[in-house]
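> For reference, this is run03.txt, and it has compact mmCIF, C-alpha atoms.
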```txt
# COMPACT_ATOMS: atom_id res chain seq x y z
CA MET A 1 0.00 0.00 0.00
CA LEU A 2 2.81 2.33 0.84
CA PHE A 3 4.36 1.82 -2.57
CA PHE A 4 1.10 2.36 -4.39
CA SER A 5 0.53 5.59 -2.49
CA TYR A 6 4.05 6.61 -3.14
CA PHE A 7 4.06 5.86 -6.85
CA LYS A 8 0.84 7.79 -7.26
CA GLU A 9 2.80 10.84 -6.24
CA LEU A 10 5.17 10.25 -9.12
CA VAL A 11 2.56 10.36 -11.90
CA GLY A 12 3.78 12.70 -14.61
CA LYS A 13 7.39 12.30 -13.61
CA GLU A 14 10.17 10.58 -15.44
CA VAL A 15 11.02 7.13 -14.09
CA THR A 16 12.99 4.11 -15.22
CA VAL A 17 11.35 0.74 -14.80
CA GLU A 18 13.62 -2.26 -14.76
CA LEU A 19 11.96 -5.58 -15.47
CA LYS A 20 12.94 -8.96 -14.12
CA ASN A 21 14.12 -9.88 -17.63
CA ASP A 22 16.68 -7.03 -17.42
CA LEU A 23 14.87 -4.78 -19.86
CA ALA A 24 14.90 -1.22 -18.56
CA ILE A 25 12.42 1.29 -19.92
CA ARG A 26 12.50 4.98 -19.23
CA GLY A 27 9.41 7.06 -19.61
CA THR A 28 6.86 9.36 -18.09
CA LEU A 29 4.77 7.63 -15.46
CA HIS A 30 1.23 7.85 -16.84
CA SER A 31 -0.55 5.83 -14.18
CA VAL A 32 -0.16 3.08 -11.64
CA ASP A 33 -2.72 0.79 -10.01
CA GLN A 34 -2.88 -1.11 -6.76
CA TYR A 35 -1.06 -4.08 -8.23
CA LEU A 36 1.73 -1.72 -9.28
CA ASN A 37 0.91 -2.25 -12.92
CA ILE A 38 2.61 0.67 -14.59
CA LYS A 39 1.72 2.64 -17.71
CA LEU A 40 4.53 4.68 -19.22
CA GLU A 41 4.43 7.27 -21.97
CA ASN A 42 7.16 8.66 -24.18
CA THR A 43 9.14 5.57 -23.47
CA ARG A 44 12.61 4.70 -24.57
CA VAL A 45 14.67 1.65 -23.87
CA VAL A 46 17.78 2.28 -21.84
CA ASP A 47 19.87 -0.39 -23.53
CA GLN A 48 18.89 0.24 -27.13
CA ASP A 49 21.50 -2.03 -28.65
CA LYS A 50 20.13 -5.01 -26.85
CA TYR A 51 16.46 -4.27 -27.47
CA PRO A 52 16.29 -2.43 -30.81
CA HIS A 53 12.71 -3.52 -31.47
CA MET A 54 11.47 -1.63 -28.45
CA LEU A 55 12.61 1.66 -29.97
CA SER A 56 9.33 2.31 -31.69
CA VAL A 57 7.23 1.88 -28.62
CA ARG A 58 5.87 5.16 -27.34
CA ASN A 59 3.66 3.98 -24.55
CA CYS A 60 3.45 0.70 -22.76
CA PHE A 61 1.74 -1.22 -20.01
CA ILE A 62 3.96 -3.21 -17.68
CA ARG A 63 2.63 -5.91 -15.38
CA GLY A 64 3.42 -5.12 -11.78
CA SER A 65 4.63 -8.64 -11.14
CA VAL A 66 7.48 -8.38 -13.64
CA VAL A 67 8.90 -5.13 -12.29
CA ARG A 68 12.19 -5.49 -10.47
CA TYR A 69 13.01 -1.85 -9.73
CA VAL A 70 11.57 1.56 -10.32
CA LEU A 71 14.25 4.21 -10.47
CA LEU A 72 12.88 7.48 -9.21
CA PRO A 73 13.73 11.02 -10.15
CA GLN A 74 15.70 12.66 -7.39
CA ASP A 75 13.36 15.63 -7.20
CA GLY A 76 10.40 13.28 -7.06
CA VAL A 77 11.32 12.08 -3.62
CA ASP A 78 9.97 14.15 -0.78
CA ILE A 79 12.11 12.73 1.99
CA ASP A 80 10.03 14.19 4.78
CA ILE A 81 6.77 12.74 3.53
CA LEU A 82 8.43 9.42 2.84
CA HIS A 83 9.92 9.31 6.33
CA ASP A 84 6.56 10.10 7.80
CA ALA A 85 4.76 7.49 5.72
CA THR A 86 7.23 4.72 6.47
CA ARG A 87 7.10 5.48 10.18
CA ARG A 88 3.33 5.45 10.06
CA GLU A 89 3.37 2.15 8.21
CA ALA A 90 5.88 0.71 10.68
CA ARG A 91 3.70 1.75 13.62
CA GLY A 92 0.84 -0.12 12.03
CA GLY A 93 -1.13 2.72 10.44
CA MET B 1 -1.34 -20.43 -14.06
CA VAL B 2 0.21 -21.27 -17.38
CA LEU B 3 3.22 -19.28 -18.47
CA GLY B 4 4.10 -18.88 -22.11
CA LEU B 5 2.13 -19.46 -25.27
CA TYR B 6 0.26 -22.69 -25.79
CA PRO B 7 -1.66 -24.21 -28.69
CA PHE B 8 -5.38 -23.57 -28.72
CA VAL B 9 -7.55 -26.16 -30.38
CA ASP B 10 -10.88 -26.03 -28.57
CA ILE B 11 -12.78 -24.37 -31.38
CA ALA B 12 -16.53 -24.50 -31.83
CA ALA B 13 -18.24 -25.26 -35.13
CA ASP B 14 -18.79 -21.56 -35.83
CA GLY B 15 -15.06 -20.94 -35.57
CA ALA B 16 -15.16 -19.25 -32.17
CA PRO B 17 -13.00 -20.46 -29.32
CA ARG B 18 -14.70 -22.35 -26.51
CA LEU B 19 -14.06 -20.32 -23.41
CA ASN B 20 -13.75 -21.47 -19.86
CA ALA B 21 -17.18 -20.24 -18.78
CA ALA B 22 -16.92 -22.08 -15.49
CA ALA B 23 -14.01 -19.83 -14.56
CA GLY B 24 -15.97 -16.76 -15.61
CA GLU B 25 -14.09 -16.25 -18.85
CA GLU B 26 -15.87 -13.83 -21.18
CA LEU B 27 -15.12 -12.41 -24.57
CA VAL B 28 -14.02 -8.77 -24.46
CA ARG B 29 -13.04 -8.03 -28.02
CA VAL B 30 -12.83 -9.76 -31.37
CA GLU B 31 -10.54 -8.49 -34.08
CA ARG B 32 -10.80 -10.12 -37.47
CA ALA B 33 -8.13 -9.97 -40.17
CA THR B 34 -5.36 -9.84 -37.64
CA ALA B 35 -1.99 -11.46 -38.17
CA VAL B 36 0.31 -12.65 -35.45
CA ALA B 37 4.10 -12.91 -35.44
CA LEU B 38 5.84 -15.09 -32.89
CA GLY B 39 9.30 -13.95 -31.85
CA PRO B 40 11.39 -12.99 -34.88
CA ARG B 41 9.36 -15.13 -37.29
CA THR B 42 7.44 -13.71 -40.21
CA PRO B 43 3.77 -13.02 -39.46
CA GLU B 44 1.35 -15.84 -40.02
CA PRO B 45 -1.49 -15.22 -42.48
CA ALA B 46 -4.32 -13.27 -40.94
CA GLY B 47 -6.63 -14.90 -38.46
CA THR B 48 -8.96 -13.73 -35.76
CA LEU B 49 -7.90 -12.35 -32.43
CA PHE B 50 -10.08 -12.97 -29.39
CA ILE B 51 -9.36 -11.01 -26.25
CA THR B 52 -11.07 -12.56 -23.25
CA THR B 53 -11.13 -11.64 -19.60
CA ARG B 54 -8.44 -14.24 -19.01
CA ARG B 55 -6.28 -14.61 -22.11
CA VAL B 56 -5.47 -13.72 -25.66
CA ILE B 57 -6.46 -16.27 -28.27
CA TRP B 58 -5.54 -16.16 -31.92
CA LEU B 59 -7.09 -18.55 -34.41
CA SER B 60 -5.88 -19.04 -37.95
CA GLU B 61 -8.34 -18.49 -40.75
CA VAL B 62 -6.17 -20.26 -43.26
CA GLU B 63 -5.33 -23.37 -41.28
CA LYS B 64 -8.54 -24.35 -39.61
CA GLY B 65 -8.06 -25.70 -36.14
CA LYS B 66 -4.77 -23.93 -35.58
CA GLY B 67 -4.51 -21.41 -32.82
CA TYR B 68 -2.44 -19.98 -30.02
CA ALA B 69 -3.31 -18.66 -26.62
CA VAL B 70 -1.55 -16.90 -23.79
CA ASP B 71 -2.92 -16.11 -20.36
CA PHE B 72 -2.89 -12.47 -19.34
CA LEU B 73 -0.96 -13.56 -16.29
CA ALA B 74 1.93 -14.33 -18.62
CA VAL B 75 1.78 -11.11 -20.64
CA SER B 76 4.52 -9.07 -19.00
CA LEU B 77 4.25 -6.03 -21.16
CA HIS B 78 2.20 -4.73 -24.04
CA ALA B 79 2.68 -1.66 -26.14
CA VAL B 80 1.68 0.00 -29.38
CA SER B 81 4.47 -0.10 -31.94
CA ARG B 82 4.14 2.25 -34.89
CA ASP B 83 7.66 3.03 -36.02
CA PRO B 84 8.18 1.35 -39.42
CA GLU B 85 11.91 1.23 -38.80
CA ALA B 86 11.44 -1.05 -35.82
CA TYR B 87 8.78 -3.20 -37.40
CA PRO B 88 7.28 -2.90 -40.88
CA SER B 89 3.66 -3.01 -39.73
CA PRO B 90 2.07 -1.12 -36.87
CA CYS B 91 1.31 -3.65 -34.19
CA ILE B 92 0.68 -4.48 -30.58
CA TYR B 93 3.98 -5.65 -29.21
CA THR B 94 3.87 -8.05 -26.27
CA GLN B 95 6.44 -9.72 -24.10
CA ILE B 96 5.54 -13.10 -22.72
CA GLU B 97 6.78 -14.60 -19.53
CA THR B 98 7.90 -18.17 -20.07
CA GLU B 99 8.47 -21.02 -17.69
CA ASP B 100 12.22 -20.83 -18.17
CA GLY B 101 13.05 -17.18 -18.57
CA SER B 102 16.74 -17.71 -19.16
CA ASP B 103 16.20 -19.66 -22.36
CA GLU B 104 16.42 -17.05 -25.08
CA GLU B 105 15.20 -19.09 -28.04
CA SER B 106 18.75 -20.04 -28.92
CA ASP B 107 17.80 -22.77 -31.36
CA GLU B 108 15.65 -20.39 -33.35
CA SER B 109 16.75 -21.37 -36.84
CA ASP B 110 16.37 -25.07 -36.12
CA SER B 111 12.82 -24.84 -34.97
CA GLU B 112 11.85 -22.63 -37.86
CA ALA B 113 13.34 -25.07 -40.32
CA ASN B 114 11.30 -27.87 -38.84
CA ARG B 115 8.16 -25.71 -38.79
CA GLU B 116 7.99 -26.96 -35.26
CA ILE B 117 7.61 -23.96 -33.00
CA ASP B 118 8.22 -24.47 -29.35
CA LEU B 119 5.43 -22.19 -28.24
CA ALA B 120 6.39 -22.38 -24.58
CA LYS B 121 9.67 -20.61 -25.38
CA VAL B 122 8.28 -17.71 -27.39
CA THR B 123 9.01 -14.52 -25.45
CA GLU B 124 7.67 -11.95 -27.89
CA MET B 125 4.49 -11.78 -29.90
CA ARG B 126 3.28 -9.09 -32.27
CA ILE B 127 -0.36 -8.69 -33.11
CA ILE B 128 -0.86 -6.99 -36.43
CA PRO B 129 -4.40 -5.85 -37.26
CA SER B 130 -5.01 -5.15 -40.93
CA ASN B 131 -6.48 -1.82 -39.87
CA PRO B 132 -3.92 0.11 -37.79
CA CYS B 133 -6.70 2.34 -36.46
CA GLN B 134 -7.63 -0.54 -34.18
CA LEU B 135 -4.32 -0.39 -32.31
CA ASP B 136 -5.36 2.03 -29.61
CA GLY B 137 -8.55 0.14 -28.95
CA LEU B 138 -6.64 -3.11 -28.76
CA PHE B 139 -4.14 -1.56 -26.39
CA GLU B 140 -6.95 -0.42 -24.11
CA ALA B 141 -8.55 -3.86 -24.21
CA PHE B 142 -5.22 -5.42 -23.31
CA SER B 143 -4.75 -2.99 -20.45
CA HIS B 144 -8.25 -3.57 -19.17
CA CYS B 145 -7.86 -7.33 -19.18
CA ALA B 146 -4.39 -7.22 -17.65
CA GLU B 147 -5.92 -5.33 -14.74
CA LEU B 148 -8.53 -8.05 -14.40
CA ASN B 149 -5.76 -10.58 -13.88
CA PRO B 150 -3.56 -9.57 -11.00
CA ASP B 151 -1.11 -12.14 -9.77
CA PRO B 152 -2.81 -14.68 -7.52
CA ASN B 153 -0.45 -13.81 -4.68
CA ALA B 154 -0.45 -10.06 -5.22
CA GLU B 155 -1.37 -7.72 -2.42
CA SER B 156 -5.07 -7.11 -2.64
CA ASP B 157 -6.67 -3.89 -1.68
CA GLU B 158 -10.10 -2.39 -1.49
CA GLU B 159 -8.92 0.65 -3.31
CA ASN B 160 -9.45 0.10 -7.02
CA GLY B 161 -8.63 1.81 -10.21
CA TRP B 162 -5.74 3.72 -11.59
CA ALA B 163 -4.12 6.69 -10.04
CA HIS B 164 -3.67 9.52 -12.49
CA GLY B 165 -2.39 12.07 -10.05
CA ASN B 166 -4.24 15.17 -8.90
CA GLU B 167 -6.15 13.21 -6.33
CA GLY B 168 -5.91 15.92 -3.76
CA ASP B 169 -6.77 14.19 -0.50
CA GLU B 170 -5.18 10.93 -1.52
CA ASP B 171 -1.70 11.86 -0.45
CA MET B 172 0.39 9.27 1.27
CA THR B 173 0.21 10.77 4.72
CA ASP B 174 -3.46 10.12 5.17
CA GLY B 175 -4.56 7.39 7.53
CA SER B 176 -6.46 5.26 5.07
CA ASP B 177 -3.86 2.52 5.25
CA ALA B 178 -4.84 1.55 8.75
CA GLU B 179 -5.53 -2.03 7.77
CA CYS B 180 -1.84 -2.69 7.59
CA GLU B 181 -0.86 -3.96 11.01
CA PHE B 182 2.61 -5.21 10.23
CA SER B 183 5.82 -3.99 11.65
CA ASP B 184 7.83 -4.18 8.46
CA VAL B 185 7.66 -2.06 5.41
CA ASN B 186 7.61 -4.58 2.62
CA PRO B 187 9.95 -4.16 -0.28
CA ILE B 188 8.13 -4.30 -3.61
CA GLY B 189 8.90 -7.92 -4.34
CA GLN B 190 7.86 -9.25 -0.94
CA THR B 191 4.25 -8.32 -0.59
CA ASP B 192 3.33 -12.00 -0.57
CA ALA B 193 4.35 -12.21 3.08
CA HIS B 194 1.55 -9.78 3.74
CA ASP B 195 -1.12 -12.03 2.38
CA ILE B 196 0.23 -15.11 4.05
CA THR B 197 0.08 -13.41 7.42
CA HIS B 198 -3.45 -12.26 6.67
CA ALA B 199 -4.45 -15.75 5.68
CA VAL B 200 -3.03 -17.21 8.88
CA VAL B 201 -4.89 -14.70 11.02
CA GLU B 202 -8.14 -15.45 9.23
CA LEU B 203 -7.59 -19.16 9.50
CA GLN B 204 -7.19 -18.93 13.26
CA ILE B 205 -10.38 -16.97 13.60
CA ASN B 206 -12.26 -19.51 11.54
CA ASP B 207 -10.85 -22.35 13.60
CA GLN B 208 -12.15 -20.83 16.78
CA ARG B 209 -15.58 -20.34 15.36
CA PHE B 210 -15.57 -23.87 14.16
CA GLU B 211 -14.60 -25.22 17.59
CA ASP B 212 -17.28 -23.22 19.32
CA ALA B 213 -19.91 -24.47 16.94
CA GLU B 214 -18.81 -28.03 17.46
CA GLU B 215 -18.91 -27.76 21.24
CA ALA B 216 -22.37 -26.28 21.10
CA GLU B 217 -23.46 -29.12 18.91
CA HIS B 218 -22.03 -31.66 21.36
CA ASP B 219 -23.88 -30.01 24.21
CA THR B 220 -27.23 -30.12 22.49
CA ARG B 221 -26.74 -33.70 21.58
CA GLY B 222 -25.75 -34.50 25.16
CA ASN B 223 -28.82 -32.82 26.55
CA GLY B 224 -31.06 -34.56 24.09
CA HIS B 225 -30.13 -37.98 25.40
```
What does the file become when written as structure tokens?

Amino acid sequence: MLFFSYFKELVGKEVTVELKNDLAIRGTLHSVDQYLNIKLENTRVVDQDKYPHMLSVRNCFIRGSVVRYVLLPQDGVDIDILHDATRREARGG
Amino acid sequence: MVLGLYPFVDIAADGAPRLNAAAGEELVRVERATAVALGPRTPEPAGTLFITTRRVIWLSEVEKGKGYAVDFLAVSLHAVSRDPEAYPSPCIYTQIETEDGSDEESDESDSEANREIDLAKVTEMRIIPSNPCQLDGLFEAFSHCAELNPDPNAESDEENGWAHGNEGDEDMTDGSDAECEFSDVNPIGQTDAHDITHAVVELQINDQRFEDAEEAEHDTRGNGH
């Protein structure tokens, strides 16, 4: 729940999603749902030599279960809010 | 769940696939004159695409009785591909999760020569409608159905729908997450632990109820005699 809430804050920001198959896609976070399915827009593949066929893709839907990491923009992280939310979560809501 | 592509042969007399109605499978969209290309192979002659609430089914129109299917649970990614330099025809590009992810279709040329495709190893599939105007609609149908098929062990939540930002009072400091009574903040990949704990708690509650009921039953029976 924490991650869903957190990712919602990042809608419209530039993120890099790394999949469990090593494919990393950079793009604007269009939307995210409670299963952490992610829709990206204006995407581009980070390692274009390895995945040339993904070049043409402008928007994509990624299943939450295949996401390994989401790399966040530095300015998209509000440390204070994140601290507060993690403490709250740790206390049990 | 079944990972990877598999052959689909359960076709009714009218040419439509027989769906798993018992599991609530329903047809969401039918797209005729749609070709499909598996991995790097050339597209197969057009057939009909059936998007259901559970899977994607493609049936050949040329070779009757031939078809492929993939569960939405195994569709890792889908996207609209329009750049002719990347692929000659505009298409829906999908990546498919296979049972053995490390196997990268190394014996590609062999299998093509034999016309014997190992469907379970296909990691990419392109869906090529004859009318490219259908792409956005297909993409939406794919997205919709992917959302209907969360992982069986994914963290469930009452809160539904997509977040598109600008949801004023929905910021992460609100107290709506009170249902989470665990002391750890779960990393993304470990939300399963959540559900297991939940399940255990529920199980214990049920057990107690069950015991009570049984005792009561014993008592009545005892009194009756």
> I'd like to know which of A:Gln48, A:Asn42, A:Thr28, A:Ser65 is closest to chain B, using all atoms listed in the file.
A:Ser65
> Using all atoms listed in the file, which protein or nucleic acid residues come within 10 Å of Leu72 in chain A? Drop anything in the same chain fewer than 5 positions from it, and give the result as a VMD selection string.
chain A and resid 7 10 13 to 17 77
> Determine, for each residue of chain A having at least one atom at most 8 Å from an atom of chain B, the closest pair of atoms and their separation in Å to one decimal, counting only C-alpha atoms; order by chain and ascending number, as a Markdown table.

```
| residue | atom | partner | partner_atom | distance |
| --- | --- | --- | --- | --- |
| A:Met1 | CA | B:Asp177 | CA | 7.0 |
| A:Leu2 | CA | B:Met172 | CA | 7.4 |
| A:Phe3 | CA | B:Ile188 | CA | 7.3 |
| A:Ser5 | CA | B:Met172 | CA | 5.3 |
| A:Tyr6 | CA | B:Met172 | CA | 6.3 |
| A:Lys8 | CA | B:Ala163 | CA | 5.8 |
| A:Glu9 | CA | B:Gly165 | CA | 6.6 |
| A:Leu10 | CA | B:Gly165 | CA | 7.8 |
| A:Val11 | CA | B:Gly165 | CA | 5.6 |
| A:Gly12 | CA | B:Gly165 | CA | 7.7 |
| A:Asn21 | CA | B:Gly101 | CA | 7.4 |
| A:His30 | CA | B:His164 | CA | 6.8 |
| A:Ser31 | CA | B:His164 | CA | 5.1 |
| A:Val32 | CA | B:Ala163 | CA | 5.6 |
| A:Asp33 | CA | B:Trp162 | CA | 4.5 |
| A:Gln34 | CA | B:Asn160 | CA | 6.7 |
| A:Tyr35 | CA | B:Pro150 | CA | 6.6 |
| A:Asn37 | CA | B:Glu147 | CA | 7.7 |
| A:Pro52 | CA | B:Ala86 | CA | 7.1 |
| A:His53 | CA | B:Ala86 | CA | 5.2 |
| A:Met54 | CA | B:Ala86 | CA | 7.4 |
| A:Leu55 | CA | B:Ala86 | CA | 6.6 |
| A:Ser56 | CA | B:Asp83 | CA | 4.7 |
| A:Val57 | CA | B:Ser81 | CA | 4.7 |
| A:Arg58 | CA | B:Val80 | CA | 7.0 |
| A:Asn59 | CA | B:Ala79 | CA | 5.9 |
| A:Cys60 | CA | B:Ala79 | CA | 4.2 |
| A:Phe61 | CA | B:His78 | CA | 5.4 |
| A:Ile62 | CA | B:Leu77 | CA | 4.5 |
| A:Arg63 | CA | B:Ser76 | CA | 5.2 |
| A:Ser65 | CA | B:Asp151 | CA | 6.9 |
| A:Val66 | CA | B:Ser76 | CA | 6.2 |
| A:Arg68 | CA | B:Gly189 | CA | 7.4 |
| A:Ile81 | CA | B:Thr173 | CA | 7.0 |
| A:Asp84 | CA | B:Thr173 | CA | 7.1 |
| A:Ala85 | CA | B:Thr173 | CA | 5.7 |
| A:Thr86 | CA | B:Val185 | CA | 6.9 |
| A:Glu89 | CA | B:Val185 | CA | 6.6 |
| A:Ala90 | CA | B:Ser183 | CA | 4.8 |
| A:Arg91 | CA | B:Ser183 | CA | 6.4 |
| A:Gly92 | CA | B:Glu181 | CA | 4.3 |
| A:Gly93 | CA | B:Ala178 | CA | 4.2 |
```
> List the residues sitting within 7 Å of (-1.8, -20.8, -18.5) in the file's frame, using only C-alpha atoms, as a list in words.
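Checking each residue against the 7 Å limit leaves Met1, Val2, Leu3, Val70 and Asp71 of chain B.
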> Which distance in Å separates CA of Leu27 in chain B and CA of Ile117 in chain B, to one decimal?
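Spanning CA of Leu27 in chain B to CA of Ile117 in chain B is a straight-line distance of 26.9 Å.
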> How many Å separate CA of Asp136 in chain B from CA of Leu38 in chain B?
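Going from CA of Asp136 in chain B over to CA of Leu38 in chain B, I get 20.7 Å.
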> CA of Pro129 in chain B and CA of Phe8 in chain B, how far apart in Å?
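Those two atoms sit 19.7 Å apart.
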